[in-house]
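data.cif, holding mmCIF, C-alpha atoms:
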```
data_final
#
loop_
_atom_site.group_PDB
_atom_site.id
_atom_site.type_symbol
_atom_site.label_atom_id
_atom_site.label_comp_id
_atom_site.auth_asym_id
_atom_site.auth_seq_id
_atom_site.Cartn_x
_atom_site.Cartn_y
_atom_site.Cartn_z
ATOM 1 C CA MET A 1 85.478 4.954 -50.744
ATOM 2 C CA ILE A 2 85.058 6.117 -47.172
ATOM 3 C CA LEU A 3 81.877 7.749 -46.014
ATOM 4 C CA GLU A 4 81.782 10.028 -42.985
ATOM 5 C CA SER A 5 78.661 9.627 -40.952
ATOM 6 C CA GLY A 6 79.664 9.920 -37.303
ATOM 7 C CA SER A 7 80.029 13.671 -37.126
ATOM 8 C CA SER A 8 76.472 14.695 -36.347
ATOM 9 C CA PRO A 9 75.851 15.995 -32.802
ATOM 10 C CA ALA A 10 73.462 13.128 -32.064
ATOM 11 C CA ARG A 11 76.101 10.584 -33.113
ATOM 12 C CA LYS A 12 78.732 12.315 -31.021
ATOM 13 C CA ARG A 13 76.431 12.232 -28.004
ATOM 14 C CA ALA A 14 75.725 8.550 -28.604
ATOM 15 C CA ALA A 15 79.442 7.801 -28.896
ATOM 16 C CA ARG A 16 80.086 9.624 -25.638
ATOM 17 C CA ALA A 17 77.267 7.732 -23.924
ATOM 18 C CA MET A 18 78.705 4.434 -25.160
ATOM 19 C CA ASP A 19 82.163 5.404 -23.911
ATOM 20 C CA GLY A 20 80.684 6.171 -20.497
ATOM 21 C CA ALA A 21 78.882 2.843 -20.447
ATOM 22 C CA MET A 22 82.110 1.028 -21.368
ATOM 23 C CA MET A 23 83.999 2.742 -18.551
ATOM 24 C CA LEU A 24 81.283 1.747 -16.089
ATOM 25 C CA LEU A 25 81.391 -1.792 -17.476
ATOM 26 C CA ILE A 26 85.126 -1.980 -16.865
ATOM 27 C CA VAL A 27 84.644 -0.819 -13.274
ATOM 28 C CA LEU A 28 81.926 -3.441 -12.707
ATOM 29 C CA LEU A 29 84.150 -6.108 -14.217
ATOM 30 C CA ILE A 30 87.065 -5.172 -11.953
ATOM 31 C CA VAL A 31 84.745 -5.454 -8.939
ATOM 32 C CA GLN A 32 83.549 -8.838 -10.198
ATOM 33 C CA ILE A 33 87.110 -10.138 -10.669
ATOM 34 C CA TRP A 34 88.044 -8.945 -7.188
ATOM 35 C CA LEU A 35 84.896 -10.576 -5.771
ATOM 36 C CA LEU A 36 85.756 -13.945 -7.308
ATOM 37 C CA MET A 37 89.344 -13.746 -6.088
ATOM 38 C CA ALA A 38 88.294 -12.753 -2.554
ATOM 39 C CA SER A 39 85.602 -15.421 -2.299
ATOM 40 C CA VAL A 40 87.955 -18.189 -3.494
ATOM 41 C CA GLU A 41 90.531 -17.057 -0.938
ATOM 42 C CA SER A 42 87.891 -16.932 1.829
ATOM 43 C CA TRP A 43 86.521 -20.322 0.844
ATOM 44 C CA LEU A 44 89.974 -21.855 0.963
ATOM 45 C CA ALA A 45 90.460 -20.262 4.379
ATOM 46 C CA GLY A 46 87.399 -22.142 5.600
ATOM 47 C CA HIS A 47 84.859 -19.296 5.583
ATOM 48 C CA ARG A 48 82.170 -21.174 3.684
ATOM 49 C CA GLY A 49 79.400 -18.683 4.393
ATOM 50 C CA VAL A 50 80.685 -16.048 1.979
ATOM 51 C CA VAL A 51 80.163 -18.149 -1.138
ATOM 52 C CA LEU A 52 76.403 -17.668 -1.545
ATOM 53 C CA PRO A 53 76.267 -13.859 -1.054
ATOM 54 C CA ALA A 54 79.274 -13.496 -3.345
ATOM 55 C CA ALA A 55 77.557 -15.553 -6.057
ATOM 56 C CA ILE A 56 74.395 -13.444 -5.734
ATOM 57 C CA MET A 57 76.422 -10.244 -5.916
ATOM 58 C CA SER A 58 78.321 -11.547 -8.938
ATOM 59 C CA GLY A 59 75.019 -12.348 -10.636
ATOM 60 C CA VAL A 60 73.787 -8.818 -9.935
ATOM 61 C CA LEU A 61 77.000 -7.386 -11.400
ATOM 62 C CA PHE A 62 76.646 -9.601 -14.477
ATOM 63 C CA CYS A 63 73.060 -8.408 -14.965
ATOM 64 C CA GLY A 64 74.319 -4.840 -14.574
ATOM 65 C CA CYS A 65 76.954 -5.408 -17.267
ATOM 66 C CA LEU A 66 74.408 -6.978 -19.592
ATOM 67 C CA GLY A 67 71.939 -4.149 -19.008
ATOM 68 C CA LEU A 68 74.601 -1.539 -19.652
ATOM 69 C CA VAL A 69 75.660 -3.136 -22.928
ATOM 70 C CA ILE A 70 72.060 -3.399 -24.109
ATOM 71 C CA LEU A 71 71.481 0.222 -23.143
ATOM 72 C CA ALA A 72 74.674 1.355 -24.851
ATOM 73 C CA ASN A 73 73.828 -0.541 -28.042
ATOM 74 C CA ARG A 74 70.324 0.869 -28.034
ATOM 75 C CA THR A 75 71.692 4.392 -27.584
ATOM 76 C CA GLY A 76 74.133 3.857 -30.445
ATOM 77 C CA ARG A 77 71.446 2.497 -32.736
ATOM 78 C CA SER A 78 68.906 5.183 -31.905
ATOM 79 C CA ALA A 79 71.304 7.817 -33.197
ATOM 80 C CA GLU A 80 72.171 5.904 -36.381
ATOM 81 C CA PRO A 81 71.762 7.833 -39.606
ATOM 82 C CA ALA A 82 69.201 6.727 -42.182
ATOM 83 C CA ARG A 83 70.333 3.676 -44.143
ATOM 84 C CA THR A 84 69.574 5.156 -47.547
ATOM 85 C CA GLY A 85 72.425 5.899 -49.911
ATOM 86 C CA ARG A 86 74.727 3.277 -48.475
ATOM 87 C CA PRO A 87 76.812 1.081 -50.682
ATOM 88 C CA ALA A 88 75.746 -2.499 -51.165
ATOM 89 C CA PRO A 89 77.342 -5.126 -48.948
ATOM 90 C CA PRO A 90 80.507 -6.716 -50.299
ATOM 91 C CA THR A 91 79.872 -9.906 -52.228
ATOM 92 C CA SER A 92 82.466 -12.392 -53.337
ATOM 93 C CA ASN A 93 82.433 -13.416 -56.956
ATOM 94 C CA ALA A 94 84.744 -16.352 -56.441
ATOM 95 C CA MET B 1 76.239 -20.710 -57.579
ATOM 96 C CA SER B 2 73.205 -19.042 -56.093
ATOM 97 C CA GLU B 3 73.657 -16.251 -53.575
ATOM 98 C CA LYS B 4 71.059 -14.669 -51.382
ATOM 99 C CA PRO B 5 70.128 -11.202 -52.540
ATOM 100 C CA ALA B 6 71.799 -8.374 -50.655
ATOM 101 C CA SER B 7 68.445 -6.774 -50.086
ATOM 102 C CA CYS B 8 67.457 -9.489 -47.625
ATOM 103 C CA PRO B 9 66.900 -7.521 -44.349
ATOM 104 C CA ARG B 10 68.591 -10.117 -42.135
ATOM 105 C CA GLU B 11 71.694 -10.269 -44.355
ATOM 106 C CA ALA B 12 71.879 -6.507 -44.502
ATOM 107 C CA ARG B 13 71.656 -6.231 -40.719
ATOM 108 C CA LEU B 14 74.429 -8.752 -40.250
ATOM 109 C CA TRP B 15 76.941 -7.143 -42.550
ATOM 110 C CA ARG B 16 76.163 -3.698 -41.209
ATOM 111 C CA GLU B 17 76.733 -4.972 -37.689
ATOM 112 C CA GLU B 18 80.112 -6.516 -38.424
ATOM 113 C CA PHE B 19 81.430 -4.464 -41.314
ATOM 114 C CA SER B 20 81.017 -0.746 -41.540
ATOM 115 C CA VAL B 21 82.152 1.179 -44.576
ATOM 116 C CA ALA B 22 81.494 4.597 -43.114
ATOM 117 C CA ALA B 23 84.513 5.740 -41.091
ATOM 118 C CA GLY B 24 82.329 7.296 -38.407
ATOM 119 C CA GLU B 25 80.480 4.016 -37.922
ATOM 120 C CA GLN B 26 83.631 2.034 -37.293
ATOM 121 C CA GLY B 27 83.952 3.363 -33.752
ATOM 122 C CA PHE B 28 80.424 2.210 -32.959
ATOM 123 C CA VAL B 29 81.095 -1.299 -34.242
ATOM 124 C CA GLU B 30 84.296 -1.470 -32.185
ATOM 125 C CA ARG B 31 82.494 -0.231 -29.083
ATOM 126 C CA ARG B 32 79.745 -2.802 -29.522
ATOM 127 C CA GLN B 33 82.267 -5.619 -29.949
ATOM 128 C CA PHE B 34 84.255 -4.460 -26.936
ATOM 129 C CA GLY B 35 81.034 -4.351 -24.927
ATOM 130 C CA LYS B 36 80.259 -7.934 -25.950
ATOM 131 C CA PHE B 37 83.730 -9.026 -24.899
ATOM 132 C CA LEU B 38 83.289 -7.357 -21.494
ATOM 133 C CA VAL B 39 79.920 -9.046 -20.965
ATOM 134 C CA LEU B 40 81.426 -12.423 -21.866
ATOM 135 C CA THR B 41 84.208 -11.857 -19.343
ATOM 136 C CA SER B 42 81.597 -10.913 -16.766
ATOM 137 C CA ALA B 43 79.702 -14.131 -17.570
ATOM 138 C CA ALA B 44 82.924 -16.100 -17.051
ATOM 139 C CA MET B 45 83.393 -14.499 -13.606
ATOM 140 C CA PHE B 46 79.792 -15.317 -12.699
ATOM 141 C CA SER B 47 80.311 -18.923 -13.858
ATOM 142 C CA GLY B 48 83.355 -19.096 -11.595
ATOM 143 C CA GLN B 49 81.229 -18.008 -8.636
ATOM 144 C CA LEU B 50 78.590 -20.622 -9.486
ATOM 145 C CA TRP B 51 81.296 -23.288 -9.742
ATOM 146 C CA LEU B 52 82.531 -22.291 -6.277
ATOM 147 C CA LEU B 53 78.961 -22.460 -4.948
ATOM 148 C CA ALA B 54 78.492 -25.950 -6.422
ATOM 149 C CA LYS B 55 81.844 -27.117 -5.070
ATOM 150 C CA ASN B 56 80.901 -25.781 -1.639
ATOM 151 C CA ALA B 57 77.558 -27.615 -1.709
ATOM 152 C CA PHE B 58 79.155 -30.900 -2.788
ATOM 153 C CA SER B 59 81.973 -30.709 -0.257
ATOM 154 C CA LYS B 60 79.401 -30.062 2.499
ATOM 155 C CA ARG B 61 77.463 -33.108 1.413
ATOM 156 C CA ALA B 62 80.606 -35.215 1.389
ATOM 157 C CA GLY B 63 81.675 -33.917 4.825
ATOM 158 C CA GLY B 64 82.070 -36.488 7.571
ATOM 159 C CA LEU B 65 82.983 -39.241 5.138
ATOM 160 C CA TRP B 66 86.697 -39.294 5.881
ATOM 161 C CA PRO B 67 88.248 -42.739 5.690
ATOM 162 C CA ARG B 68 89.853 -44.355 8.724
ATOM 163 C CA LYS B 69 93.391 -45.265 7.814
ATOM 164 C CA ALA B 70 96.263 -46.795 9.807
ATOM 165 C CA VAL B 71 99.258 -44.499 9.519
ATOM 166 C CA ALA B 72 101.892 -45.798 11.939
ATOM 167 C CA LEU B 73 102.651 -47.882 14.987
ATOM 168 C CA GLU B 74 103.322 -45.876 18.130
ATOM 169 C CA ARG B 75 106.566 -47.688 18.825
ATOM 170 C CA ASP B 76 107.928 -46.876 15.363
ATOM 171 C CA LEU B 77 108.149 -43.195 16.186
ATOM 172 C CA ALA B 78 110.523 -41.822 18.819
ATOM 173 C CA ILE B 79 109.782 -38.542 20.624
ATOM 174 C CA GLY B 80 110.690 -35.623 18.347
ATOM 175 C CA GLU B 81 110.521 -37.720 15.220
ATOM 176 C CA ALA B 82 108.256 -37.199 12.247
ATOM 177 C CA LYS B 83 106.876 -39.495 9.623
ATOM 178 C CA VAL B 84 105.329 -38.736 6.256
ATOM 179 C CA PHE B 85 102.119 -40.510 5.348
ATOM 180 C CA ALA B 86 99.418 -40.052 2.721
ATOM 181 C CA TYR B 87 95.903 -39.121 3.806
ATOM 182 C CA PRO B 88 93.126 -39.099 2.617
ATOM 183 C CA GLY B 89 94.362 -39.698 -0.954
ATOM 184 C CA PRO B 90 97.689 -41.127 -2.100
ATOM 185 C CA GLN B 91 98.780 -37.661 -3.277
ATOM 186 C CA ASP B 92 97.932 -35.879 -0.005
ATOM 187 C CA ASN B 93 101.103 -36.021 2.017
ATOM 188 C CA CYS B 94 100.868 -35.405 5.753
ATOM 189 C CA LEU B 95 103.309 -35.242 8.632
ATOM 190 C CA LEU B 96 102.879 -37.272 11.786
ATOM 191 C CA ILE B 97 104.939 -35.936 14.700
ATOM 192 C CA ARG B 98 105.461 -37.386 18.134
ATOM 193 C CA LEU B 99 105.708 -34.538 20.617
ATOM 194 C CA GLY B 100 105.688 -36.536 23.830
ATOM 195 C CA GLU B 101 105.246 -39.974 25.295
ATOM 196 C CA GLU B 102 101.497 -39.821 24.772
ATOM 197 C CA ARG B 103 101.212 -36.915 22.404
ATOM 198 C CA PHE B 104 100.948 -37.211 18.611
ATOM 199 C CA VAL B 105 99.958 -34.542 16.123
ATOM 200 C CA ALA B 106 99.555 -34.647 12.364
ATOM 201 C CA TYR B 107 99.216 -31.931 9.762
ATOM 202 C CA SER B 108 98.916 -31.694 6.033
ATOM 203 C CA GLN B 109 102.375 -31.242 4.548
ATOM 204 C CA LYS B 110 101.136 -28.721 2.008
ATOM 205 C CA CYS B 111 101.997 -25.130 2.934
ATOM 206 C CA THR B 112 98.924 -22.888 2.814
ATOM 207 C CA HIS B 113 100.903 -20.254 0.926
ATOM 208 C CA LEU B 114 101.970 -21.911 -2.335
ATOM 209 C CA SER B 115 101.692 -25.612 -1.482
ATOM 210 C CA CYS B 116 105.387 -26.331 -0.901
ATOM 211 C CA ALA B 117 106.071 -29.288 1.390
ATOM 212 C CA VAL B 118 106.671 -28.235 5.002
ATOM 213 C CA VAL B 119 109.247 -30.050 7.122
ATOM 214 C CA TYR B 120 109.448 -30.560 10.872
ATOM 215 C CA SER B 121 112.291 -28.940 12.763
ATOM 216 C CA ALA B 122 112.617 -30.783 16.065
ATOM 217 C CA GLN B 123 115.265 -28.330 17.251
ATOM 218 C CA ARG B 124 112.997 -25.288 16.875
ATOM 219 C CA ARG B 125 109.786 -27.235 17.475
ATOM 220 C CA ARG B 126 108.035 -25.833 14.443
ATOM 221 C CA LEU B 127 107.037 -26.760 10.917
ATOM 222 C CA GLU B 128 109.041 -24.902 8.325
ATOM 223 C CA CYS B 129 108.309 -24.141 4.708
ATOM 224 C CA PRO B 130 111.660 -23.816 2.927
ATOM 225 C CA CYS B 131 110.257 -21.954 -0.083
ATOM 226 C CA HIS B 132 109.317 -18.629 1.534
ATOM 227 C CA GLU B 133 110.262 -19.169 5.164
ATOM 228 C CA GLY B 134 106.792 -19.668 6.483
ATOM 229 C CA TYR B 135 106.732 -21.201 9.945
ATOM 230 C CA PHE B 136 103.885 -23.019 11.655
ATOM 231 C CA SER B 137 103.434 -23.967 15.283
ATOM 232 C CA VAL B 138 103.776 -27.671 15.889
ATOM 233 C CA GLU B 139 101.252 -27.433 18.743
ATOM 234 C CA ASP B 140 98.211 -26.445 16.676
ATOM 235 C CA GLY B 141 99.477 -25.628 13.184
ATOM 236 C CA HIS B 142 98.929 -21.857 13.364
ATOM 237 C CA VAL B 143 101.166 -19.499 11.418
ATOM 238 C CA ILE B 144 104.111 -18.155 13.420
ATOM 239 C CA GLN B 145 105.807 -16.211 10.677
ATOM 240 C CA GLY B 146 105.874 -15.683 6.951
ATOM 241 C CA PRO B 147 103.447 -15.398 4.073
ATOM 242 C CA PRO B 148 101.090 -18.366 4.691
ATOM 243 C CA PRO B 149 97.582 -16.913 5.086
ATOM 244 C CA ARG B 150 96.092 -19.656 7.289
ATOM 245 C CA PRO B 151 97.081 -22.551 9.556
ATOM 246 C CA LEU B 152 97.918 -26.012 8.272
ATOM 247 C CA PRO B 153 94.990 -28.425 8.004
ATOM 248 C CA ARG B 154 95.094 -30.753 10.999
ATOM 249 C CA ILE B 155 94.701 -34.516 10.673
ATOM 250 C CA GLU B 156 92.507 -36.041 13.365
ATOM 251 C CA LEU B 157 94.229 -39.025 14.963
ATOM 252 C CA GLU B 158 92.909 -41.970 16.873
ATOM 253 C CA ARG B 159 94.983 -44.365 18.967
ATOM 254 C CA SER B 160 93.947 -47.944 19.266
ATOM 255 C CA GLY B 161 96.091 -50.848 20.486
ATOM 256 C CA GLY B 162 99.405 -49.174 19.773
ATOM 257 C CA GLN B 163 98.295 -48.240 16.292
ATOM 258 C CA LEU B 164 97.642 -44.705 15.087
ATOM 259 C CA TYR B 165 94.764 -44.062 12.710
ATOM 260 C CA ALA B 166 93.934 -40.944 10.708
ATOM 261 C CA ARG B 167 90.189 -40.341 10.692
ATOM 262 C CA GLY B 168 89.588 -36.858 9.356
ATOM 263 C CA VAL B 169 90.964 -33.498 8.305
ATOM 264 C CA THR B 170 90.104 -30.267 10.093
ATOM 265 C CA VAL B 171 90.621 -27.188 7.983
ATOM 266 C CA PHE B 172 90.966 -23.816 9.693
ATOM 267 C CA GLY B 173 87.553 -22.198 10.031
ATOM 268 C CA GLU B 174 85.612 -25.451 10.099
ATOM 269 C CA GLU B 175 86.041 -25.881 13.816
ATOM 270 C CA GLU B 176 84.332 -22.516 14.444
ATOM 271 C CA SER B 177 81.410 -23.399 12.219
ATOM 272 C CA GLN B 178 80.830 -26.779 13.856
#
```
Show me, as structure tokens, the structure contained in the file I just sent.
Amino acid sequence: MILESGSSPARKRAARAMDGAMMLLIVLLIVQIWLLMASVESWLAGHRGVVLPAAIMSGVLFCGCLGLVILANRTGRSAEPARTGRPAPPTSNA
Amino acid sequence: MSEKPASCPREARLWREEFSVAAGEQGFVERRQFGKFLVLTSAAMFSGQLWLLAKNAFSKRAGGLWPRKAVALERDLAIGEAKVFAYPGPQDNCLLIRLGEERFVAYSQKCTHLSCAVVYSAQRRRLECPCHEGYFSVEDGHVIQGPPPRPLPRIELERSGGQLYARGVTVFGEEESQ
């Protein structure tokens, strides 16, 4: 049995908000990957001074990613339908 | 066999998080899992930066502790000749080149592009990487042509009683910071 529960306007809005957050997350992650690559290359080239600011920036980006995911999850959960009337969780009889 | 009742709030939360029966909920579960994966990847990138920071701190602390190692006798090398030696470790091959009667230079043999071994061309007076045709000046190790992004690390030499000693490695960029 399949139940439809994601068609309410609030759920649609939440899904859209989560999609937006995921897109932003991907952008932040690309920046973070580039930052790591560039700082390794600079470090190998002898520019030692870039390592600390790059690490701080990477930490900020990580916090941003974490914050976005928490926000997206909270948005998704806030628009969840009431739990009543749901089937019981699957249990194994083996 | 005793099973926990399904009405336990913690159990219910867990299965709802990971397994959604409602078709509309499936997208939310997938989004949440994808978000977790992205955050984990972000954490891995951050860990990489911290590793680089730690490596930088340790290499700074270890700086100035290069061993002094005899690499060759002056008379063993004719002008225009080169000799391979290992410095500072047994796996770190370097090239010692005699440019003149009183002039010796030494560089790491590892190309700064993809670590191929460079060779000395006495005819063209340059160090050549055969892999991607990267050329380095024999005078100071700077890149003349090709894909290498930075000069070859230079080995500091010391002459004493007809013997040549290696006593340090100067990587490009360090000389400006000193």
**OP:** Could you tell me which residues the PyMOL selection byres ((chain A and resi 53) around 12) grabs in this file, written as a list in words?
**Re:**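 When the PyMOL selection byres ((chain A and resi 53) around 12) is applied to the shown file, the picked residues are Leu35, Leu36, Ser39, Arg48, Gly49, Val50, Val51, Leu52, Ala54, Ala55, Ile56, Met57, Ser58, Gly59 and Val60 of chain A; Gln49, Leu50, Leu52 and Leu53 of chain B.
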Original post:
If the PyMOL selection byres ((chain B and resi 139-153) around 6) is run on the structure shown, which residues does it catch, given as a VMD selection string?
Top reply: chain B and resid 107 to 108 112 to 113 133 to 138 154 170 to 171
Okay, now the selection with C-alpha atoms, as a short mmCIF file (atom, residue, chain, number, x, y, z; two decimals), in the coordinates of the input?
```
data_model
loop_
_atom_site.label_atom_id
_atom_site.label_comp_id
_atom_site.auth_asym_id
_atom_site.auth_seq_id
_atom_site.Cartn_x
_atom_site.Cartn_y
_atom_site.Cartn_z
CA TYR B 107 99.22 -31.93 9.76
CA SER B 108 98.92 -31.69 6.03
CA THR B 112 98.92 -22.89 2.81
CA HIS B 113 100.90 -20.25 0.93
CA GLU B 133 110.26 -19.17 5.16
CA GLY B 134 106.79 -19.67 6.48
CA TYR B 135 106.73 -21.20 9.94
CA PHE B 136 103.88 -23.02 11.66
CA SER B 137 103.43 -23.97 15.28
CA VAL B 138 103.78 -27.67 15.89
CA ARG B 154 95.09 -30.75 11.00
CA THR B 170 90.10 -30.27 10.09
CA VAL B 171 90.62 -27.19 7.98
#
```
Taking (74.1, 3.5, -31.8) in the file's coordinates as the center, which residues reach within 9 Å of it, counting only C-alpha atoms, put as a PDB file with C-alpha atoms, in the frame of the given file?
```pdb
ATOM      1  CA  ARG A  11      76.101  10.584 -33.113  1.00  0.00           C
ATOM      2  CA  ALA A  14      75.725   8.550 -28.604  1.00  0.00           C
ATOM      3  CA  ALA A  15      79.442   7.801 -28.896  1.00  0.00           C
ATOM      4  CA  MET A  18      78.705   4.434 -25.160  1.00  0.00           C
ATOM      5  CA  ALA A  72      74.674   1.355 -24.851  1.00  0.00           C
ATOM      6  CA  ASN A  73      73.828  -0.541 -28.042  1.00  0.00           C
ATOM      7  CA  ARG A  74      70.324   0.869 -28.034  1.00  0.00           C
ATOM      8  CA  THR A  75      71.692   4.392 -27.584  1.00  0.00           C
ATOM      9  CA  GLY A  76      74.133   3.857 -30.445  1.00  0.00           C
ATOM     10  CA  ARG A  77      71.446   2.497 -32.736  1.00  0.00           C
ATOM     11  CA  SER A  78      68.906   5.183 -31.905  1.00  0.00           C
ATOM     12  CA  ALA A  79      71.304   7.817 -33.197  1.00  0.00           C
ATOM     13  CA  GLU A  80      72.171   5.904 -36.381  1.00  0.00           C
TER      14      GLU A  80
ATOM     15  CA  GLU B  25      80.480   4.016 -37.922  1.00  0.00           C
ATOM     16  CA  PHE B  28      80.424   2.210 -32.959  1.00  0.00           C
ATOM     17  CA  VAL B  29      81.095  -1.299 -34.242  1.00  0.00           C
ATOM     18  CA  ARG B  32      79.745  -2.802 -29.522  1.00  0.00           C
TER      19      ARG B  32
END
```
Given the PyMOL selection byres ((chain B and resi 109) around 9), the residues it picks as an mmCIF file with C-alpha atoms, in the coordinates of the input:
```cif
data_model
loop_
_atom_site.group_PDB
_atom_site.id
_atom_site.type_symbol
_atom_site.label_atom_id
_atom_site.label_comp_id
_atom_site.auth_asym_id
_atom_site.auth_seq_id
_atom_site.Cartn_x
_atom_site.Cartn_y
_atom_site.Cartn_z
ATOM 1 C CA VAL B 84 105.329 -38.736 6.256
ATOM 2 C CA ASP B 92 97.932 -35.879 -0.005
ATOM 3 C CA ASN B 93 101.103 -36.021 2.017
ATOM 4 C CA CYS B 94 100.868 -35.405 5.753
ATOM 5 C CA LEU B 95 103.309 -35.242 8.632
ATOM 6 C CA ALA B 106 99.555 -34.647 12.364
ATOM 7 C CA TYR B 107 99.216 -31.931 9.762
ATOM 8 C CA SER B 108 98.916 -31.694 6.033
ATOM 9 C CA LYS B 110 101.136 -28.721 2.008
ATOM 10 C CA CYS B 111 101.997 -25.130 2.934
ATOM 11 C CA SER B 115 101.692 -25.612 -1.482
ATOM 12 C CA CYS B 116 105.387 -26.331 -0.901
ATOM 13 C CA ALA B 117 106.071 -29.288 1.390
ATOM 14 C CA VAL B 118 106.671 -28.235 5.002
ATOM 15 C CA VAL B 119 109.247 -30.050 7.122
ATOM 16 C CA LEU B 152 97.918 -26.012 8.272
ATOM 17 C CA PRO B 153 94.990 -28.425 8.004
#
```
**OP:** Would you mind listing what lies within 12 Å of segment 65-77 of chain B as JSON, numbers by chain, with all atoms listed in the file counted and same-chain residues fewer than 3 positions away left out?
**Re:** {"B": [59, 60, 61, 62, 80, 81, 82, 83, 84, 85, 86, 87, 88, 89, 90, 93, 94, 95, 96, 97, 98, 99, 100, 101, 102, 103, 104, 105, 106, 155, 156, 157, 158, 159, 160, 161, 162, 163, 164, 165, 166, 167, 168, 169, 170]}
Would you mind exporting segment 54-74 of chain A with N, CA and C atoms, as a PDB file, in the first residue's frame?
```pdb
ATOM      1  N   ALA A  54      43.065  29.649   4.840  1.00  0.00           N
ATOM      2  CA  ALA A  54      42.280  28.658   4.081  1.00  0.00           C
ATOM      3  C   ALA A  54      41.581  27.689   5.021  1.00  0.00           C
ATOM      4  N   ALA A  55      42.267  27.294   6.094  1.00  0.00           N
ATOM      5  CA  ALA A  55      41.649  26.374   7.068  1.00  0.00           C
ATOM      6  C   ALA A  55      40.474  27.055   7.769  1.00  0.00           C
ATOM      7  N   ILE A  56      40.651  28.343   8.103  1.00  0.00           N
ATOM      8  CA  ILE A  56      39.559  29.077   8.764  1.00  0.00           C
ATOM      9  C   ILE A  56      38.352  29.177   7.829  1.00  0.00           C
ATOM     10  N   MET A  57      38.656  29.505   6.579  1.00  0.00           N
ATOM     11  CA  MET A  57      37.581  29.649   5.579  1.00  0.00           C
ATOM     12  C   MET A  57      36.861  28.322   5.365  1.00  0.00           C
ATOM     13  N   SER A  58      37.652  27.238   5.335  1.00  0.00           N
ATOM     14  CA  SER A  58      37.058  25.910   5.160  1.00  0.00           C
ATOM     15  C   SER A  58      36.159  25.556   6.343  1.00  0.00           C
ATOM     16  N   GLY A  59      36.593  25.943   7.541  1.00  0.00           N
ATOM     17  CA  GLY A  59      35.776  25.713   8.730  1.00  0.00           C
ATOM     18  C   GLY A  59      34.463  26.489   8.656  1.00  0.00           C
ATOM     19  N   VAL A  60      34.557  27.729   8.167  1.00  0.00           N
ATOM     20  CA  VAL A  60      33.345  28.554   8.028  1.00  0.00           C
ATOM     21  C   VAL A  60      32.385  27.903   7.027  1.00  0.00           C
ATOM     22  N   LEU A  61      32.957  27.412   5.921  1.00  0.00           N
ATOM     23  CA  LEU A  61      32.125  26.759   4.895  1.00  0.00           C
ATOM     24  C   LEU A  61      31.473  25.485   5.446  1.00  0.00           C
ATOM     25  N   PHE A  62      32.242  24.742   6.246  1.00  0.00           N
ATOM     26  CA  PHE A  62      31.700  23.521   6.853  1.00  0.00           C
ATOM     27  C   PHE A  62      30.542  23.868   7.787  1.00  0.00           C
ATOM     28  N   CYS A  63      30.737  24.920   8.599  1.00  0.00           N
ATOM     29  CA  CYS A  63      29.663  25.350   9.503  1.00  0.00           C
ATOM     30  C   CYS A  63      28.433  25.777   8.698  1.00  0.00           C
ATOM     31  N   GLY A  64      28.693  26.456   7.568  1.00  0.00           N
ATOM     32  CA  GLY A  64      27.599  26.873   6.695  1.00  0.00           C
ATOM     33  C   GLY A  64      26.826  25.678   6.171  1.00  0.00           C
ATOM     34  N   CYS A  65      27.557  24.647   5.743  1.00  0.00           N
ATOM     35  CA  CYS A  65      26.922  23.420   5.234  1.00  0.00           C
ATOM     36  C   CYS A  65      26.082  22.765   6.320  1.00  0.00           C
ATOM     37  N   LEU A  66      26.674  22.676   7.508  1.00  0.00           N
ATOM     38  CA  LEU A  66      25.984  22.037   8.634  1.00  0.00           C
ATOM     39  C   LEU A  66      24.714  22.813   8.983  1.00  0.00           C
ATOM     40  N   GLY A  67      24.851  24.134   9.033  1.00  0.00           N
ATOM     41  CA  GLY A  67      23.698  24.987   9.346  1.00  0.00           C
ATOM     42  C   GLY A  67      22.598  24.845   8.320  1.00  0.00           C
ATOM     43  N   LEU A  68      22.997  24.774   7.055  1.00  0.00           N
ATOM     44  CA  LEU A  68      22.008  24.638   5.980  1.00  0.00           C
ATOM     45  C   LEU A  68      21.249  23.322   6.073  1.00  0.00           C
ATOM     46  N   VAL A  69      21.998  22.244   6.374  1.00  0.00           N
ATOM     47  CA  VAL A  69      21.339  20.936   6.473  1.00  0.00           C
ATOM     48  C   VAL A  69      20.378  20.906   7.658  1.00  0.00           C
ATOM     49  N   ILE A  70      20.809  21.485   8.768  1.00  0.00           N
ATOM     50  CA  ILE A  70      19.922  21.526   9.947  1.00  0.00           C
ATOM     51  C   ILE A  70      18.665  22.330   9.623  1.00  0.00           C
ATOM     52  N   LEU A  71      18.877  23.457   8.956  1.00  0.00           N
ATOM     53  CA  LEU A  71      17.749  24.318   8.584  1.00  0.00           C
ATOM     54  C   LEU A  71      16.802  23.600   7.623  1.00  0.00           C
ATOM     55  N   ALA A  72      17.407  22.912   6.646  1.00  0.00           N
ATOM     56  CA  ALA A  72      16.589  22.202   5.656  1.00  0.00           C
ATOM     57  C   ALA A  72      15.793  21.082   6.319  1.00  0.00           C
ATOM     58  N   ASN A  73      16.440  20.349   7.221  1.00  0.00           N
ATOM     59  CA  ASN A  73      15.740  19.257   7.916  1.00  0.00           C
ATOM     60  C   ASN A  73      14.608  19.798   8.778  1.00  0.00           C
ATOM     61  N   ARG A  74      14.899  20.929   9.431  1.00  0.00           N
ATOM     62  CA  ARG A  74      13.880  21.528  10.293  1.00  0.00           C
ATOM     63  C   ARG A  74      12.685  21.991   9.444  1.00  0.00           C
TER      64      ARG A  74
END
```
